[in-house]
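K.L.:
One structure, as structure tokens, below. Some questions next.
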Amino acid sequence: MLDCPPGLGSASDQIIRGASIILVPMIPSTLSRRTLEELKAHLNQHYKGGPPLFPVFNLVDRRRRAHRKAIEQNPAFPVIPMASAAEEMADRHAPLGAYAPRSAAAEATNELWRALTRRFASEPATAG
């Protein structure tokens, strides 16, 4: 697993070439959805048959109408809620599950992992 900053440059091109799947964390907003569409267009133009995208809504605040609307429009996207516990990971130097395993954010992250595991289990292995 590799993590890279947003943007399409030489580093991201190298990562795309080697990726089996691209996890796309995004705040549920119009701008994020537009950016996802631009990424899809870029991949279709430059990487036909390239790695599939796996969008994930993160920092979700269901009190916000725009967030609720985005989730309604994309019900298949996993949702990671905004949570103080998740923001503490950098300060604690520990994964969320180590200090807040029963938090809503930890449970959502665990469900995301299960969804990714199911996705990989259902895809045929490729020779590399």
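Chain identifiers are assigned as A, B, and so on, following the order in which chains appear in the structure tokens; residues are numbered from 1 within each chain, and ligands are numbered from 1 in order of appearance.
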Report the residues of chain A whose backbone DSSP state falls under strand (DSSP E), written as a ChimeraX atom specification.
P.N.:
/A:22-26,53-60,79-81
K.L.:
Can you tell me which residues surround Ala105 of chain A at a distance of at most 7 Å, considering only C-alpha atoms, apart from same-chain residues fewer than 2 positions away, and format the answer as a PyMOL selection string?
P.N.:
chain A and resi 80-81+83+86+103+107-109
K.L.:
For N, CA and C atoms, I'd like the residues from the last selection saved as an mmCIF file, in the first residue's frame.
P.N.:
```cif
data_model
loop_
_atom_site.group_PDB
_atom_site.id
_atom_site.type_symbol
_atom_site.label_atom_id
_atom_site.label_comp_id
_atom_site.auth_asym_id
_atom_site.auth_seq_id
_atom_site.Cartn_x
_atom_site.Cartn_y
_atom_site.Cartn_z
ATOM 1 N N ILE A 80 -16.479 7.094 6.065
ATOM 2 C CA ILE A 80 -15.716 7.211 7.307
ATOM 3 C C ILE A 80 -16.133 8.535 7.951
ATOM 4 N N PRO A 81 -16.734 8.482 9.144
ATOM 5 C CA PRO A 81 -17.223 9.721 9.748
ATOM 6 C C PRO A 81 -16.092 10.606 10.276
ATOM 7 N N ALA A 83 -14.307 12.403 13.070
ATOM 8 C CA ALA A 83 -14.247 12.039 14.481
ATOM 9 C C ALA A 83 -12.982 12.594 15.114
ATOM 10 N N ALA A 86 -10.146 10.084 15.326
ATOM 11 C CA ALA A 86 -9.323 9.893 14.131
ATOM 12 C C ALA A 86 -8.288 11.001 14.000
ATOM 13 N N SER A 103 -14.824 3.094 18.432
ATOM 14 C CA SER A 103 -15.339 4.373 17.919
ATOM 15 C C SER A 103 -15.999 4.145 16.561
ATOM 16 N N GLU A 107 -14.797 1.569 13.550
ATOM 17 C CA GLU A 107 -15.700 0.563 12.978
ATOM 18 C C GLU A 107 -15.873 0.780 11.477
ATOM 19 N N ALA A 108 -15.978 2.035 11.052
ATOM 20 C CA ALA A 108 -16.113 2.328 9.622
ATOM 21 C C ALA A 108 -14.837 1.957 8.875
ATOM 22 N N THR A 109 -13.682 2.204 9.493
ATOM 23 C CA THR A 109 -12.410 1.836 8.877
ATOM 24 C C THR A 109 -12.293 0.321 8.765
#
```
K.L.:
DSSP on the backbone: which residues in segment 16-118 of chain A end up as helix (DSSP H, G or I)? Give the answer as a PyMOL selection string.
P.N.:
chain A and resi 16-18+30-46+65-73+84-87+89-92+96-99+104-118
K.L.:
Those residues with C-alpha atoms, as a PDB file, in the first residue's frame please?
P.N.:
```pdb
ATOM      1  CA  ILE A  16      -0.683   4.305 -10.916  1.00  0.00           C
ATOM      2  CA  ARG A  17       1.435   1.991 -13.085  1.00  0.00           C
ATOM      3  CA  GLY A  18       2.146  -0.275 -10.134  1.00  0.00           C
ATOM      4  CA  THR A  30     -19.106  18.869  -5.192  1.00  0.00           C
ATOM      5  CA  LEU A  31     -15.432  19.742  -5.655  1.00  0.00           C
ATOM      6  CA  SER A  32     -14.306  16.261  -4.581  1.00  0.00           C
ATOM      7  CA  ARG A  33     -16.787  14.590  -6.924  1.00  0.00           C
ATOM      8  CA  ARG A  34     -15.556  16.770  -9.806  1.00  0.00           C
ATOM      9  CA  THR A  35     -11.987  15.832  -8.979  1.00  0.00           C
ATOM     10  CA  LEU A  36     -12.950  12.146  -8.984  1.00  0.00           C
ATOM     11  CA  GLU A  37     -14.454  12.583 -12.454  1.00  0.00           C
ATOM     12  CA  GLU A  38     -11.241  14.270 -13.645  1.00  0.00           C
ATOM     13  CA  LEU A  39      -9.214  11.374 -12.250  1.00  0.00           C
ATOM     14  CA  LYS A  40     -11.466   8.884 -14.043  1.00  0.00           C
ATOM     15  CA  ALA A  41     -11.039  10.800 -17.300  1.00  0.00           C
ATOM     16  CA  HIS A  42      -7.253  10.897 -16.845  1.00  0.00           C
ATOM     17  CA  LEU A  43      -7.096   7.168 -16.194  1.00  0.00           C
ATOM     18  CA  ASN A  44      -9.324   6.423 -19.200  1.00  0.00           C
ATOM     19  CA  GLN A  45      -7.149   8.574 -21.434  1.00  0.00           C
ATOM     20  CA  HIS A  46      -3.712   7.450 -20.230  1.00  0.00           C
ATOM     21  CA  ARG A  65     -26.851  18.648   3.926  1.00  0.00           C
ATOM     22  CA  ALA A  66     -24.202  18.456   1.185  1.00  0.00           C
ATOM     23  CA  HIS A  67     -22.616  15.415   2.847  1.00  0.00           C
ATOM     24  CA  ARG A  68     -25.957  13.639   3.191  1.00  0.00           C
ATOM     25  CA  LYS A  69     -26.804  14.413  -0.437  1.00  0.00           C
ATOM     26  CA  ALA A  70     -23.456  13.077  -1.690  1.00  0.00           C
ATOM     27  CA  ILE A  71     -23.920   9.860   0.279  1.00  0.00           C
ATOM     28  CA  GLU A  72     -27.455   9.451  -1.090  1.00  0.00           C
ATOM     29  CA  GLN A  73     -26.133   9.915  -4.643  1.00  0.00           C
ATOM     30  CA  SER A  84     -11.971  13.603  17.044  1.00  0.00           C
ATOM     31  CA  ALA A  85     -10.538  10.160  17.730  1.00  0.00           C
ATOM     32  CA  ALA A  86      -9.323   9.893  14.131  1.00  0.00           C
ATOM     33  CA  GLU A  87      -7.718  13.335  14.293  1.00  0.00           C
ATOM     34  CA  MET A  89      -3.763   9.504  15.401  1.00  0.00           C
ATOM     35  CA  ALA A  90      -0.840  11.813  14.580  1.00  0.00           C
ATOM     36  CA  ASP A  91      -0.569  13.069  18.159  1.00  0.00           C
ATOM     37  CA  ARG A  92      -0.813   9.578  19.606  1.00  0.00           C
ATOM     38  CA  LEU A  96      -7.161   4.425  15.594  1.00  0.00           C
ATOM     39  CA  GLY A  97      -7.901   0.826  16.519  1.00  0.00           C
ATOM     40  CA  ALA A  98      -5.174   0.862  19.176  1.00  0.00           C
ATOM     41  CA  TYR A  99      -6.773   3.534  21.354  1.00  0.00           C
ATOM     42  CA  ALA A 104     -17.562   4.956  14.917  1.00  0.00           C
ATOM     43  CA  ALA A 105     -14.519   5.907  12.841  1.00  0.00           C
ATOM     44  CA  ALA A 106     -12.668   2.702  13.792  1.00  0.00           C
ATOM     45  CA  GLU A 107     -15.700   0.563  12.978  1.00  0.00           C
ATOM     46  CA  ALA A 108     -16.113   2.328   9.622  1.00  0.00           C
ATOM     47  CA  THR A 109     -12.410   1.836   8.877  1.00  0.00           C
ATOM     48  CA  ASN A 110     -12.732  -1.860   9.705  1.00  0.00           C
ATOM     49  CA  GLU A 111     -15.698  -2.110   7.323  1.00  0.00           C
ATOM     50  CA  LEU A 112     -13.643  -0.385   4.630  1.00  0.00           C
ATOM     51  CA  TRP A 113     -10.900  -2.981   5.122  1.00  0.00           C
ATOM     52  CA  ARG A 114     -13.454  -5.788   4.834  1.00  0.00           C
ATOM     53  CA  ALA A 115     -14.831  -4.238   1.620  1.00  0.00           C
ATOM     54  CA  LEU A 116     -11.330  -4.020   0.140  1.00  0.00           C
ATOM     55  CA  THR A 117     -10.624  -7.609   1.180  1.00  0.00           C
ATOM     56  CA  ARG A 118     -13.833  -8.783  -0.512  1.00  0.00           C
TER      57      ARG A 118
END
```
K.L.:
Kindly give the distance, in Å, that separates atom CA of Gly50 of chain A and atom CA of Pro25 of chain A, rounded to a single decimal.
P.N.:
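Interatomic distance here is 18.5 Å.
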K.L.:
Quote the spacing between atom CA of Pro52 of chain A and atom CA of Ser20 of chain A in Å to one decimal place.
P.N.:
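Atom CA of Ser20 of chain A lies at a distance of 7.4 Å from atom CA of Pro52 of chain A.
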K.L.:
So that I can check the surroundings of Val79 of chain A, please list as a list in words every protein, DNA and RNA residue that reaches within 7 Å of it, counting only C-alpha atoms and ignoring chain neighbours fewer than 4 positions away.
P.N.:
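Residues meeting the cut-off are Val56, Phe57, Asn58, Val60 and Ala108 of chain A.
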K.L.:
Hey, can you check how far atom CA of Pro6 of chain A sits from atom CA of Arg64 of chain A?
P.N.:
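Pair atom CA of Pro6 of chain A / atom CA of Arg64 of chain A returns 24.1 Å.
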K.L.:
Go through A:Ala11, A:Ala121, A:Ile22, A:Ile27 one by one, measure the shortest atom-to-atom distance of each to Pro51 of chain A using only C-alpha atoms, and give the residue with the smallest value.
P.N.:
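Of A:Ala11, A:Ala121, A:Ile22, A:Ile27, the one nearest Pro51 of chain A is A:Ile22, counting only C-alpha atoms.
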